[in-house]
Every structure is written in structure tokens, then in C-alpha cells.
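Printed here is data_23.cif (mmCIF, C-alpha atoms and all ligand atoms):
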```
data_work
#
loop_
_atom_site.label_atom_id
_atom_site.label_comp_id
_atom_site.auth_asym_id
_atom_site.auth_seq_id
_atom_site.Cartn_x
_atom_site.Cartn_y
_atom_site.Cartn_z
CA MET A 1 -3.46 32.12 -1.46
CA PRO A 2 -3.11 33.24 -5.06
CA TYR A 3 -2.73 36.95 -5.66
CA LYS A 4 -5.85 38.75 -6.81
CA ILE A 5 -6.00 41.19 -9.69
CA GLY A 6 -9.12 43.39 -9.93
CA LEU A 7 -10.39 44.56 -13.31
CA VAL A 8 -12.10 47.90 -12.98
CA GLY A 9 -13.50 50.48 -15.35
CA LYS A 10 -16.71 52.20 -16.38
CA PRO A 11 -19.31 50.11 -18.27
CA SER A 12 -18.62 48.92 -21.85
CA VAL A 13 -14.85 49.43 -21.87
CA GLY A 14 -14.20 45.71 -22.36
CA LYS A 15 -13.82 44.33 -18.81
CA SER A 16 -15.78 41.17 -19.55
CA THR A 17 -13.99 40.68 -22.86
CA PHE A 18 -10.64 41.03 -21.10
CA PHE A 19 -11.77 38.76 -18.27
CA ASN A 20 -13.02 36.09 -20.67
CA ALA A 21 -9.94 36.28 -22.83
CA ALA A 22 -7.68 35.96 -19.80
CA THR A 23 -9.62 33.13 -18.19
CA MET A 24 -11.52 31.64 -21.13
CA ASN A 25 -14.66 31.41 -19.06
CA ASN A 26 -17.88 32.51 -20.62
CA VAL A 27 -19.41 35.54 -19.02
CA ASP A 28 -21.94 37.65 -20.94
CA GLU A 29 -20.43 40.40 -23.01
CA ALA A 30 -22.39 43.18 -24.56
CA ALA A 31 -22.21 46.81 -25.46
CA TYR A 32 -24.66 47.82 -22.75
CA PRO A 33 -24.01 48.71 -19.13
CA PHE A 34 -24.37 46.40 -16.13
CA THR A 35 -24.12 43.10 -17.96
CA THR A 36 -21.99 41.97 -15.08
CA ILE A 37 -23.81 42.39 -11.79
CA GLU A 38 -21.75 40.08 -9.60
CA PRO A 39 -18.01 40.26 -9.77
CA SER A 40 -16.83 37.21 -11.62
CA VAL A 41 -13.77 35.46 -10.35
CA GLY A 42 -11.58 33.35 -12.59
CA GLU A 43 -8.08 32.02 -13.02
CA ALA A 44 -5.61 33.82 -15.25
CA TYR A 45 -1.88 33.23 -15.63
CA VAL A 46 1.38 35.13 -15.53
CA ARG A 47 4.37 33.80 -17.42
CA VAL A 48 7.76 33.11 -15.85
CA ARG A 49 10.85 31.40 -17.18
CA ASP A 50 10.63 27.81 -15.95
CA ALA A 51 13.64 26.54 -13.99
CA ALA A 52 13.27 22.86 -14.93
CA PRO A 53 14.92 23.14 -18.39
CA ASP A 54 18.02 24.59 -16.70
CA PHE A 55 18.35 21.18 -15.01
CA GLY A 56 17.62 19.31 -18.24
CA GLU A 57 14.10 18.44 -17.06
CA THR A 58 10.51 19.03 -18.11
CA PRO A 59 8.29 20.21 -15.24
CA ASP A 60 4.96 18.78 -14.08
CA PRO A 61 3.05 21.86 -12.83
CA ARG A 62 0.45 21.06 -10.17
CA VAL A 63 -1.45 24.21 -11.15
CA GLY A 64 -1.17 26.31 -14.28
CA PHE A 65 0.76 24.81 -17.17
CA TYR A 66 4.06 24.67 -19.04
CA HIS A 67 4.96 25.33 -22.65
CA ASP A 68 8.29 25.72 -24.36
CA GLY A 69 10.38 26.95 -21.44
CA THR A 70 7.60 29.08 -19.97
CA ARG A 71 5.60 28.39 -16.79
CA TYR A 72 2.09 29.87 -16.63
CA VAL A 73 1.48 30.58 -12.93
CA PRO A 74 -2.13 31.09 -11.77
CA VAL A 75 -3.42 34.36 -10.36
CA LYS A 76 -6.99 35.25 -9.46
CA LEU A 77 -8.76 37.66 -11.74
CA VAL A 78 -11.88 39.51 -10.58
CA ASP A 79 -14.18 41.48 -12.87
CA VAL A 80 -15.28 44.25 -10.51
CA ALA A 81 -18.38 45.85 -12.02
CA GLY A 82 -20.11 48.93 -10.65
CA LEU A 83 -17.87 51.93 -11.24
CA VAL A 84 -20.34 54.82 -11.50
CA PRO A 85 -20.00 58.48 -10.53
CA GLY A 86 -20.51 58.74 -6.77
CA ALA A 87 -19.56 55.10 -6.08
CA HIS A 88 -17.56 56.38 -3.10
CA GLU A 89 -20.80 57.72 -1.60
CA GLY A 90 -22.46 54.35 -2.06
CA LYS A 91 -24.20 55.23 -5.34
CA GLY A 92 -25.02 52.42 -7.77
CA LEU A 93 -23.41 49.28 -6.44
CA GLY A 94 -21.06 51.60 -4.55
CA ASN A 95 -20.42 49.81 -1.28
CA LYS A 96 -20.22 46.38 -2.81
CA PHE A 97 -17.96 47.78 -5.51
CA LEU A 98 -15.60 49.24 -2.94
CA SER A 99 -15.39 46.10 -0.83
CA ASP A 100 -14.69 44.02 -3.96
CA LEU A 101 -12.01 46.50 -4.97
CA ASN A 102 -10.47 46.24 -1.56
CA GLU A 103 -9.94 42.52 -1.90
CA ALA A 104 -7.74 43.02 -4.94
CA ASP A 105 -3.98 43.22 -4.41
CA VAL A 106 -3.55 45.24 -7.58
CA LEU A 107 -5.89 46.81 -10.14
CA ILE A 108 -6.01 46.85 -13.89
CA HIS A 109 -8.01 49.89 -14.97
CA ILE A 110 -9.49 49.06 -18.37
CA VAL A 111 -9.94 52.26 -20.33
CA ASP A 112 -11.68 52.49 -23.70
CA PHE A 113 -9.09 54.40 -25.73
CA SER A 114 -11.32 54.48 -28.81
CA GLY A 115 -13.27 57.30 -27.16
CA GLU A 116 -16.50 55.70 -28.33
CA THR A 117 -18.15 55.33 -24.93
CA ASP A 118 -19.19 58.19 -22.67
CA ALA A 119 -18.85 58.41 -18.88
CA GLU A 120 -21.88 56.14 -18.41
CA GLY A 121 -20.74 53.60 -21.00
CA GLU A 122 -23.18 54.77 -23.68
CA PRO A 123 -22.04 55.13 -27.31
CA THR A 124 -20.54 58.51 -28.21
CA GLU A 125 -17.68 60.00 -30.25
CA ASN A 126 -14.43 61.68 -29.27
CA HIS A 127 -14.64 61.04 -25.55
CA ASP A 128 -11.23 61.81 -24.01
CA PRO A 129 -9.92 58.69 -22.17
CA ARG A 130 -8.02 61.02 -19.83
CA GLU A 131 -11.36 61.83 -18.22
CA ASP A 132 -11.83 58.16 -17.35
CA ILE A 133 -8.36 57.86 -15.88
CA ASP A 134 -8.94 60.98 -13.76
CA PHE A 135 -12.42 59.84 -12.82
CA LEU A 136 -11.33 56.53 -11.28
CA GLU A 137 -8.42 58.14 -9.45
CA ASN A 138 -10.75 60.78 -8.09
CA GLU A 139 -13.40 58.24 -7.02
CA LEU A 140 -10.75 56.27 -5.17
CA ASP A 141 -9.21 59.40 -3.61
CA GLN A 142 -12.61 60.58 -2.35
CA TRP A 143 -13.26 57.18 -0.83
CA TYR A 144 -9.87 57.21 0.91
CA LEU A 145 -10.43 60.79 2.01
CA GLY A 146 -13.73 59.89 3.68
CA ILE A 147 -12.01 57.22 5.75
CA LEU A 148 -9.00 59.42 6.47
CA GLU A 149 -11.37 62.11 7.82
CA LYS A 150 -12.93 59.54 10.15
CA GLY A 151 -9.46 58.62 11.37
CA ILE A 152 -8.67 62.28 12.06
CA GLU A 153 -11.92 62.62 13.99
CA ARG A 154 -11.10 59.52 15.99
CA PHE A 155 -7.68 60.97 16.85
CA GLU A 156 -9.18 64.32 17.85
CA ASN A 157 -11.78 62.64 20.06
CA LYS A 158 -9.04 60.79 21.92
CA GLN A 159 -6.76 63.80 22.39
CA ARG A 160 -7.22 63.90 26.16
CA GLN A 161 -6.06 60.33 26.57
CA PRO A 162 -2.35 59.76 27.17
CA ASP A 163 -0.10 58.31 24.46
CA VAL A 164 -2.46 58.81 21.56
CA LYS A 165 -0.56 58.75 18.30
CA LEU A 166 -1.95 60.11 15.06
CA GLU A 167 -0.40 57.47 12.82
CA VAL A 168 -1.75 54.68 15.03
CA GLU A 169 -5.30 56.05 14.90
CA LEU A 170 -5.18 56.65 11.15
CA ALA A 171 -3.70 53.22 10.44
CA GLU A 172 -6.40 51.61 12.57
CA GLN A 173 -9.17 53.46 10.74
CA MET A 174 -7.64 52.65 7.34
CA SER A 175 -6.69 49.05 8.13
CA ALA A 176 -8.94 47.71 5.35
CA PHE A 177 -6.48 49.28 2.92
CA LYS A 178 -3.71 47.05 4.29
CA THR A 179 -1.64 49.95 5.51
CA ASN A 180 0.19 50.38 8.82
CA LYS A 181 1.35 53.15 11.14
CA ASN A 182 4.86 53.31 9.70
CA GLN A 183 3.60 53.72 6.17
CA ILE A 184 1.08 56.36 7.24
CA LYS A 185 3.70 58.31 9.13
CA LYS A 186 6.12 58.15 6.21
CA LEU A 187 3.44 59.48 3.84
CA ILE A 188 2.40 62.29 6.21
CA LEU A 189 6.01 63.45 6.41
CA ARG A 190 6.51 63.01 2.68
CA GLU A 191 3.58 65.37 2.07
CA GLY A 192 5.46 67.91 4.19
CA LEU A 193 2.79 67.81 6.92
CA ASP A 194 3.28 67.69 10.67
CA LEU A 195 1.57 65.21 12.99
CA GLU A 196 -1.09 67.76 13.98
CA PRO A 197 -4.07 67.38 11.59
CA GLY A 198 -5.70 70.53 13.02
CA SER A 199 -3.22 72.46 10.87
CA TRP A 200 -3.97 70.57 7.65
CA SER A 201 -5.94 72.32 4.90
CA SER A 202 -8.53 70.41 2.89
CA GLU A 203 -6.02 70.23 0.01
CA ASP A 204 -3.49 68.67 2.41
CA ARG A 205 -6.02 66.05 3.44
CA LEU A 206 -6.87 65.17 -0.14
CA ALA A 207 -3.19 65.01 -1.11
CA LEU A 208 -2.50 62.67 1.80
CA ALA A 209 -5.52 60.48 0.96
CA SER A 210 -4.30 60.34 -2.63
CA SER A 211 -0.78 59.33 -1.70
CA ILE A 212 -2.06 56.60 0.64
CA ARG A 213 -4.24 55.40 -2.23
CA GLU A 214 -1.30 55.33 -4.65
CA GLU A 215 0.79 53.27 -2.23
CA THR A 216 -1.90 50.77 -1.27
CA LYS A 217 -3.78 50.35 -4.55
CA PRO A 218 -1.16 49.82 -7.25
CA MET A 219 -2.70 50.12 -10.69
CA VAL A 220 -1.98 49.48 -14.35
CA ILE A 221 -3.93 51.14 -17.16
CA ALA A 222 -4.93 48.79 -19.99
CA ALA A 223 -5.38 51.09 -22.99
CA ASN A 224 -8.08 48.93 -24.57
CA LYS A 225 -9.60 48.96 -28.07
CA LEU A 226 -6.30 49.99 -29.61
CA ASP A 227 -7.36 48.04 -32.68
CA THR A 228 -9.37 51.16 -33.61
CA GLU A 229 -7.91 54.19 -35.35
CA ASN A 230 -9.03 56.62 -32.65
CA GLY A 231 -7.56 54.26 -30.08
CA ARG A 232 -4.09 54.61 -31.56
CA GLU A 233 -4.37 58.39 -31.80
CA ASN A 234 -5.42 58.66 -28.17
CA PHE A 235 -2.65 56.29 -27.15
CA GLU A 236 -0.02 58.46 -28.87
CA ALA A 237 -1.44 61.60 -27.30
CA ILE A 238 -1.77 60.29 -23.76
CA THR A 239 1.53 58.43 -23.55
CA SER A 240 3.30 61.64 -24.58
CA ASP A 241 1.30 63.77 -22.11
CA GLU A 242 3.52 64.48 -19.10
CA GLU A 243 0.60 64.59 -16.72
CA TYR A 244 0.13 60.88 -17.33
CA SER A 245 3.77 59.86 -17.38
CA HIS A 246 3.59 58.46 -13.83
CA LEU A 247 1.21 55.72 -15.00
CA GLU A 248 1.95 52.30 -16.46
CA ILE A 249 -0.12 52.29 -19.67
CA VAL A 250 -0.23 49.00 -21.56
CA PRO A 251 -1.54 49.01 -25.17
CA CYS A 252 -4.27 46.40 -25.45
CA SER A 253 -6.88 44.74 -27.60
CA ALA A 254 -8.94 42.43 -25.41
CA HIS A 255 -11.00 41.71 -28.47
CA ALA A 256 -7.97 40.38 -30.39
CA GLU A 257 -6.92 38.17 -27.47
CA LYS A 258 -10.42 36.74 -27.25
CA ALA A 259 -10.53 36.05 -31.00
CA LEU A 260 -7.15 34.30 -30.90
CA LYS A 261 -8.13 32.17 -27.91
CA ASN A 262 -11.39 31.20 -29.60
CA ALA A 263 -9.65 30.26 -32.84
CA ASP A 264 -7.05 28.30 -30.88
CA ASP A 265 -9.82 26.51 -28.94
CA GLN A 266 -11.45 25.49 -32.21
CA GLY A 267 -8.15 24.12 -33.48
CA LEU A 268 -7.99 26.67 -36.30
CA ILE A 269 -4.79 28.30 -35.12
CA ASP A 270 -1.98 27.55 -32.71
CA TYR A 271 -1.60 30.49 -30.32
CA TRP A 272 0.10 30.91 -26.96
CA PRO A 273 -1.00 33.86 -24.80
CA GLY A 274 1.41 36.76 -24.85
CA LYS A 275 3.11 35.78 -28.12
CA ASN A 276 3.49 38.18 -31.01
CA ASP A 277 2.65 35.50 -33.56
CA PHE A 278 0.43 32.46 -34.22
CA ASP A 279 0.25 29.69 -36.82
CA ILE A 280 -2.79 28.93 -38.90
CA VAL A 281 -3.46 25.20 -38.57
CA GLU A 282 -6.59 24.74 -40.68
CA GLU A 283 -6.54 27.27 -43.50
CA SER A 284 -9.43 25.42 -45.19
CA GLY A 285 -11.57 25.69 -42.04
CA LEU A 286 -11.46 29.50 -42.19
CA SER A 287 -13.85 31.80 -44.03
CA GLU A 288 -12.49 34.71 -46.02
CA GLU A 289 -13.77 37.00 -43.28
CA GLN A 290 -11.93 35.04 -40.59
CA VAL A 291 -8.70 35.12 -42.57
CA GLN A 292 -9.07 38.87 -42.94
CA GLY A 293 -9.77 39.25 -39.20
CA LEU A 294 -6.75 37.14 -38.31
CA ASN A 295 -4.55 39.17 -40.65
CA GLU A 296 -5.61 42.37 -38.91
CA ILE A 297 -4.86 40.82 -35.54
CA ARG A 298 -1.48 39.66 -36.81
CA GLU A 299 -0.63 43.23 -37.81
CA PHE A 300 -1.71 44.45 -34.39
CA ILE A 301 0.39 41.99 -32.40
CA GLU A 302 3.39 42.52 -34.64
CA GLU A 303 3.16 46.24 -34.04
CA PHE A 304 2.54 46.14 -30.27
CA GLY A 305 4.41 42.93 -29.47
CA GLU A 306 1.28 41.12 -28.27
CA THR A 307 -2.44 41.73 -27.65
CA GLY A 308 -1.62 43.32 -24.30
CA VAL A 309 -3.81 41.10 -22.10
CA GLN A 310 -0.84 39.06 -20.82
CA LYS A 311 1.30 42.17 -20.60
CA ALA A 312 -1.27 43.98 -18.46
CA LEU A 313 -1.49 41.01 -16.06
CA GLU A 314 2.27 40.66 -15.85
CA THR A 315 2.89 44.39 -15.44
CA ALA A 316 0.40 44.35 -12.55
CA VAL A 317 2.07 41.40 -10.84
CA PHE A 318 5.76 42.01 -11.51
CA GLU A 319 6.07 45.79 -11.96
CA GLU A 320 3.30 47.23 -9.79
CA LEU A 321 3.16 44.60 -7.03
CA GLY A 322 6.85 43.82 -7.47
CA LEU A 323 6.45 40.07 -6.88
CA LYS A 324 9.22 37.56 -7.54
CA TYR A 325 8.92 33.89 -8.50
CA VAL A 326 10.65 30.96 -6.87
CA PHE A 327 10.46 27.16 -7.06
CA PRO A 328 10.64 24.80 -4.06
CA GLY A 329 13.17 22.15 -5.10
CA GLY A 330 15.38 19.39 -3.80
CA ALA A 331 19.15 19.38 -3.96
CA ASP A 332 19.08 15.62 -4.69
CA GLY A 333 16.55 15.92 -7.50
CA LEU A 334 13.67 18.12 -8.53
CA GLY A 335 10.92 15.52 -8.12
CA ASP A 336 8.42 15.52 -5.23
CA GLU A 337 7.37 12.29 -3.46
CA HIS A 338 5.32 11.31 -6.53
CA GLY A 339 8.20 11.97 -8.91
CA ASN A 340 6.63 15.19 -10.23
CA ILE A 341 9.29 17.65 -11.36
CA LEU A 342 9.08 21.17 -9.84
CA PRO A 343 5.32 20.95 -9.36
CA ASP A 344 5.08 24.35 -7.66
CA CYS A 345 6.07 27.88 -8.47
CA PHE A 346 5.47 30.54 -5.82
CA LEU A 347 4.92 34.24 -6.30
CA VAL A 348 6.34 36.07 -3.28
CA PRO A 349 6.72 39.71 -2.20
CA GLY A 350 9.79 41.27 -3.79
CA ASP A 351 11.67 41.67 -0.50
CA SER A 352 11.16 38.06 0.64
CA THR A 353 14.02 36.13 2.19
CA VAL A 354 14.62 32.38 2.13
CA LEU A 355 13.05 32.18 5.60
CA ASP A 356 9.96 34.11 4.41
CA PHE A 357 9.73 31.66 1.53
CA ALA A 358 9.84 28.72 3.98
CA PHE A 359 6.89 30.23 5.87
CA GLU A 360 5.12 30.86 2.57
CA ILE A 361 5.31 27.14 1.68
CA HIS A 362 4.17 26.00 5.12
CA SER A 363 4.37 27.42 8.62
CA ASP A 364 6.00 24.15 9.80
CA LEU A 365 8.87 24.74 7.40
CA GLY A 366 9.28 28.24 8.73
CA GLU A 367 9.15 27.20 12.37
CA GLY A 368 11.59 24.31 12.00
CA PHE A 369 13.86 26.20 9.61
CA LEU A 370 17.59 25.35 9.70
CA HIS A 371 18.87 26.65 6.39
CA GLY A 372 18.10 26.63 2.68
CA ILE A 373 19.89 25.04 -0.25
CA ASP A 374 20.23 26.97 -3.49
CA CYS A 375 19.73 24.05 -5.88
CA ARG A 376 21.22 25.83 -8.87
CA GLU A 377 24.53 26.34 -7.08
CA ASN A 378 24.15 23.36 -4.78
CA ARG A 379 25.09 25.60 -1.90
CA GLN A 380 23.77 26.22 1.59
CA VAL A 381 22.09 29.61 2.10
CA SER A 382 20.93 31.31 5.28
CA GLY A 383 17.43 32.46 6.13
CA ASP A 384 18.16 36.10 5.49
CA ARG A 385 19.34 35.59 1.90
CA GLU A 386 16.94 37.49 -0.41
CA ILE A 387 14.95 35.52 -2.96
CA GLU A 388 15.93 36.11 -6.59
CA ASN A 389 13.71 35.46 -9.58
CA GLY A 390 13.94 31.86 -10.74
CA ASP A 391 15.53 30.57 -7.53
CA VAL A 392 15.14 26.85 -6.85
CA ILE A 393 15.40 26.42 -3.09
CA GLU A 394 15.22 23.43 -0.80
CA ILE A 395 14.26 24.15 2.81
CA VAL A 396 16.06 22.07 5.42
CA THR A 397 14.28 21.82 8.77
CA THR A 398 14.75 20.28 12.19
CA ASN A 399 12.11 17.61 11.53
N1 LIG B 401 -12.78 47.31 -30.93
C1 LIG B 401 -12.74 46.70 -29.74
N2 LIG B 401 -13.89 46.46 -29.08
C2 LIG B 401 -13.82 45.82 -27.89
C3 LIG B 401 -12.58 45.44 -27.32
N3 LIG B 401 -12.84 44.86 -26.12
C4 LIG B 401 -14.18 44.88 -25.96
N4 LIG B 401 -14.79 45.46 -27.02
C5 LIG B 401 -16.24 45.65 -27.23
O1 LIG B 401 -16.74 46.59 -26.28
C6 LIG B 401 -18.08 46.24 -25.91
C7 LIG B 401 -18.19 46.14 -24.38
O2 LIG B 401 -17.41 45.04 -23.97
P1 LIG B 401 -17.65 44.33 -22.55
O3 LIG B 401 -16.54 43.35 -22.40
O4 LIG B 401 -19.03 43.82 -22.40
O5 LIG B 401 -17.44 45.58 -21.57
P2 LIG B 401 -17.70 45.75 -19.98
O6 LIG B 401 -19.04 46.41 -19.83
O7 LIG B 401 -16.61 46.65 -19.51
O8 LIG B 401 -17.65 44.40 -19.35
C8 LIG B 401 -18.39 44.92 -26.63
O9 LIG B 401 -19.11 45.23 -27.81
C9 LIG B 401 -17.02 44.37 -26.95
O10 LIG B 401 -17.03 43.53 -28.09
C10 LIG B 401 -11.38 45.71 -28.06
O11 LIG B 401 -10.25 45.40 -27.66
N5 LIG B 401 -11.52 46.34 -29.26
MG MG B 402 -19.04 43.41 -18.22
#
```
Would you encode the structure as C-alpha cells?
Amino acid sequence: MPYKIGLVGKPSVGKSTFFNAATMNNVDEAAYPFTTIEPSVGEAYVRVRDAAPDFGETPDPRVGFYHDGTRYVPVKLVDVAGLVPGAHEGKGLGNKFLSDLNEADVLIHIVDFSGETDAEGEPTENHDPREDIDFLENELDQWYLGILEKGIERFENKQRQPDVKLEVELAEQMSAFKTNKNQIKKLILREGLDLEPGSWSSEDRLALASSIREETKPMVIAANKLDTENGRENFEAITSDEEYSHLEIVPCSAHAEKALKNADDQGLIDYWPGKNDFDIVEESGLSEEQVQGLNEIREFIEEFGETGVQKALETAVFEELGLKYVFPGGADGLGDEHGNILPDCFLVPGDSTVLDFAFEIHSDLGEGFLHGIDCRENRQVSGDREIENGDVIEIVTTN
């Protein structure tokens, strides 16, 4: 199951542009709200350093692709439309919005840093992007709070039964958020609360809901439309504002990424996602306007290192979710039964062991597990050895 990244944000911030740029599908884009009614799902990629060249080979990826030492590993990208004030109460597309959000492993909050769209996505001037960041966090916290309150009620209703545990009841009620009793208990204690919700103030409840939200819905902010002058000013201001220093904020121009992908598609330029440069292939095929546009984009990616679309995806997957990447390999050669070299690259939770990895590939490999072979070192490794980025591991089983 590929990991799922949810794109979220108020209307007109550039979600569809980002989505299209990252997946090169064609979904309607426009400067008016609710263009996207259904969440669109597509395939995007995160880059990892391919292991095959270390063995003097060129890989044959089964999914994704390879270029110049880099493997592009697929992840699912979902454009989750429907963030409106009161979404947590079911307003707008509220309930559908929340269930779509819940399916995402990690979120990218696209924020219009140009300040040229208001809270509803209508054109305005000097809107403070901080309001949008606060707004989403607050919507999510209120949603979590509502469910936390139900869990508290459930616990209080069961008080006369023996062996009722608060963390068990709360975890059960909040199971859709992929939490568990240990995590809930840890967060209750971290908030300095005791296991008796009758003594919690409403601030305590909100703080707890918020900390459960932070742990279970990791999020990156894509500071979009940084190709505008106001965008840069807001970016400077917000990244030096201490109240926002806990957030991962990635400078971004979805628009630039889309333009580069389009030009690359048409054979006008040669561009690889995430690079800070591109080559013009067909100078004569470009209008003066296009050359000017490409020059502006070149300045942008030189300044920020890239358009930010790849960086946002990779920050979500590797920093926020903390995934690692690993290749199933063979100690006697990297080819599979068809002679394909390192066809697969797996993204796994950061604390995975070699045994976890075996189960990840196939439950049969996990169940019949004997030991692993670290193909780089040509050495036997045990099931409890932790996976490291770029590992090439063969699983040896009883069958
Ligand atoms: N200047 C600038 N405009 C952008 C950027 N990304 C999107 N836009 C524009 O913002 C408007 C809304 O974009 P859209 O992708 O439809 O937003 P959505 O409603 O969030 O899906 C469109 O006019 C886009 O061309 C960007 O990086 N820079
Ligand atoms: Mg849209």
C-alpha cells in the first residue's frame, strides 16, 4: 500500500496546480472556489538515492522511474477539497472532507503566501497567511476535541463497570485517528493531566485534543505563490516569527513547477523534478514571453533551490512521517527472476527492523523468516537489526 499524502487548504491557494504539477494529470484549475468537488487521487514521487549504481548496475524500477542516480518512488497524492469554516461541524463538504483527510498519512497544507485570497478564497489584498495556518489547525483541533469529548462521555458512562480504563476508552473512540491507548496515555501525562477527566478544564481538553492531533496528523506547510513579491515578504516575516517556528514551512511555487513540467512535456526544455536548473532544448520553439517566463522561473529555483513541490512531498514523507527507504535484493545478484535489477524500493516506518521489512514485502517472508543478508556488506543480519536508508536486503526463509 503506497503512503498517502493529503493536500489541504482553503479554496484558490493552488491545491490543484500543485496536484497537477506533482502528478501531471489534468484536473481543472481556476481562480474560483470549489473547482474540485471530488478529491482527486494521483501518483506523485519522492526521490531517493538509488542503490543499483553502488553495485555498478542500472536499475529497472517496476513502479516509478530512475534518472541519473536517483530513484523516484511512488506515493499517493490526494487533493482534499472542502476546507471551509465550520467543516468540523459538517458545514460545506465537512464530513466528506474529514473522512478524506483521515485517510491521509500526512498532510501538506497549501497556504497562499501572496495574501491575495481571503478566507473564502476570494480575491483580496494583504491577507495574513498566519490566519490560514491557524484556521486549519483550529478546525482540526475542534474536530479532534468533539471526538475526545465523546470518548470522555463514554468513559464516564462506564464508570460503574470494573476495570474501565480512560486511555482504553479514549483510544477506542479516537481509533479512526490511528492512535492507541499507550499514545493517549503518554499525551495525557505530557499535558500534566491526571487520568480523571472530571478534573480537566475546557482548556485542558482542547490542549489534549490538539496534542493528539499534532501526533497523529503530521503536517508540512507549503508556502505557495512565493513567486510574488508579497509572497516573499510574508515568507520572511512568518519564518522569523517564533510562534510559527514549530512548523516545517517549505517555500513553493506550484505554478513554476507546472510551467516547467509543461515545457518539458512539450520537449522545449529538459527538466527533472526537484532540480534547481533546467536546459532549454528548443530555443527557437519559444516565444519571447516564454523565454522571459522561464528566466523568471530560473531565478526562483536558483534562489530557493527548487520550485518546492518535490521538497514539500519529501519533507512530508521523510521528515514528518519519518519513513526510510530500502531495496529487496539478492546476495548473488540484484536481478529478480526476470533479470530486472532492483525492481522495488520500499518506504517503511523509520523504526522498522529487518523482520518488519520481511513482513512488509510479503507475510510469507515474515512467517518463514530465518535471517537477512545485508547485500552491501555481504553479511548475515538478524531480524531485529534496524533498517537504514539505502539498505539492500535479501530475506532468507525456511521455504
Ligand atoms: N502566482 C502564483 N499563482 C499560483 C500558484 N499556484 C497556483 N496559482 C494560481 O492560483 C489560482 C488558484 O489555483 P488552483 O490550483 O485552482 O487552487 P485550488 O482552489 O486550491 O485548487 C490559479 O489562478 C492558479 O494559477 C503559484 O505558485 N504562484
Ligand atoms: Mg482545486
Ligand LIG 401 (chain B), all listed atoms, 6 Å padding on each side: what axis-aligned box centre and edge lengths in Å to one decimal come out, as lines of an AutoDock Vina configuration file?
```
center_x = -14.7
center_y = 45.3
center_z = -25.1
size_x = 20.9
size_y = 16.0
size_z = 23.6
```
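Between atom CA of Ser363 of chain A and atom CA of Asn399 of chain A there is a distance of 12.8 Å.
Our summary of the geometry notes that atom CA of Asp54 of chain A is positioned 19.5 Å from atom CA of Gly372 of chain A.
In terms of minimum interatomic distance to Glu319 of chain A, A:Ile249 ranks closest within A:Ile249, A:Ser16, A:Glu288, A:Ile361, counting all atoms listed in the file.
Atom pair atom CA of Glu131 of chain A / atom CA of Phe18 of chain A: separated by 21.0 Å.
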Determine, counting all atoms listed in the file, which protein, DNA and RNA residues have an atom within 12 Å of an atom of Asp112 of chain A; residues of the same chain fewer than 3 positions away are not included. Present the result as a ChimeraX atom specification. /A:8-15,18,109,115-119,121-133,221-228,230-232,234-235,251-255
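Nearest to ligand LIG 401 (chain B) of all the residues A:Val63, A:Ala256, A:Ala22, A:Ala44 is A:Ala256, counting only C-alpha atoms and all ligand atoms.
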Find the residue from A:Leu355, A:Ala176, A:Val80, A:Leu370 that sits nearest to ligand MG 402 (chain B); use all atoms listed in the file when measuring. A:Val80
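When all atoms listed in the file are used to measure the gap to ligand LIG 401 (chain B), the shortest distance among A:Asn20, A:Asn262, A:Gln173, A:Thr397 belongs to A:Asn20.
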Name all residues at most 9 Å from Ile212 of chain A (count all atoms listed in the file; drop same-chain ones fewer than 5 positions away) and give them as a ChimeraX atom specification. /A:141,144,177,179,183-184,187,207,217
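The list of residues with at least one atom within 12 Å of Ser284 of chain A, based on only C-alpha atoms and without residues fewer than 5 positions apart in the same chain, reads Gly267, Leu268, Ile269, Gln290 and Val291 of chain A.
Minimum distance to ligand LIG 401 (chain B) across A:Ile395, A:Leu342, A:Ala259, A:Ile280 (counting only C-alpha atoms and all ligand atoms) occurs at A:Ala259.
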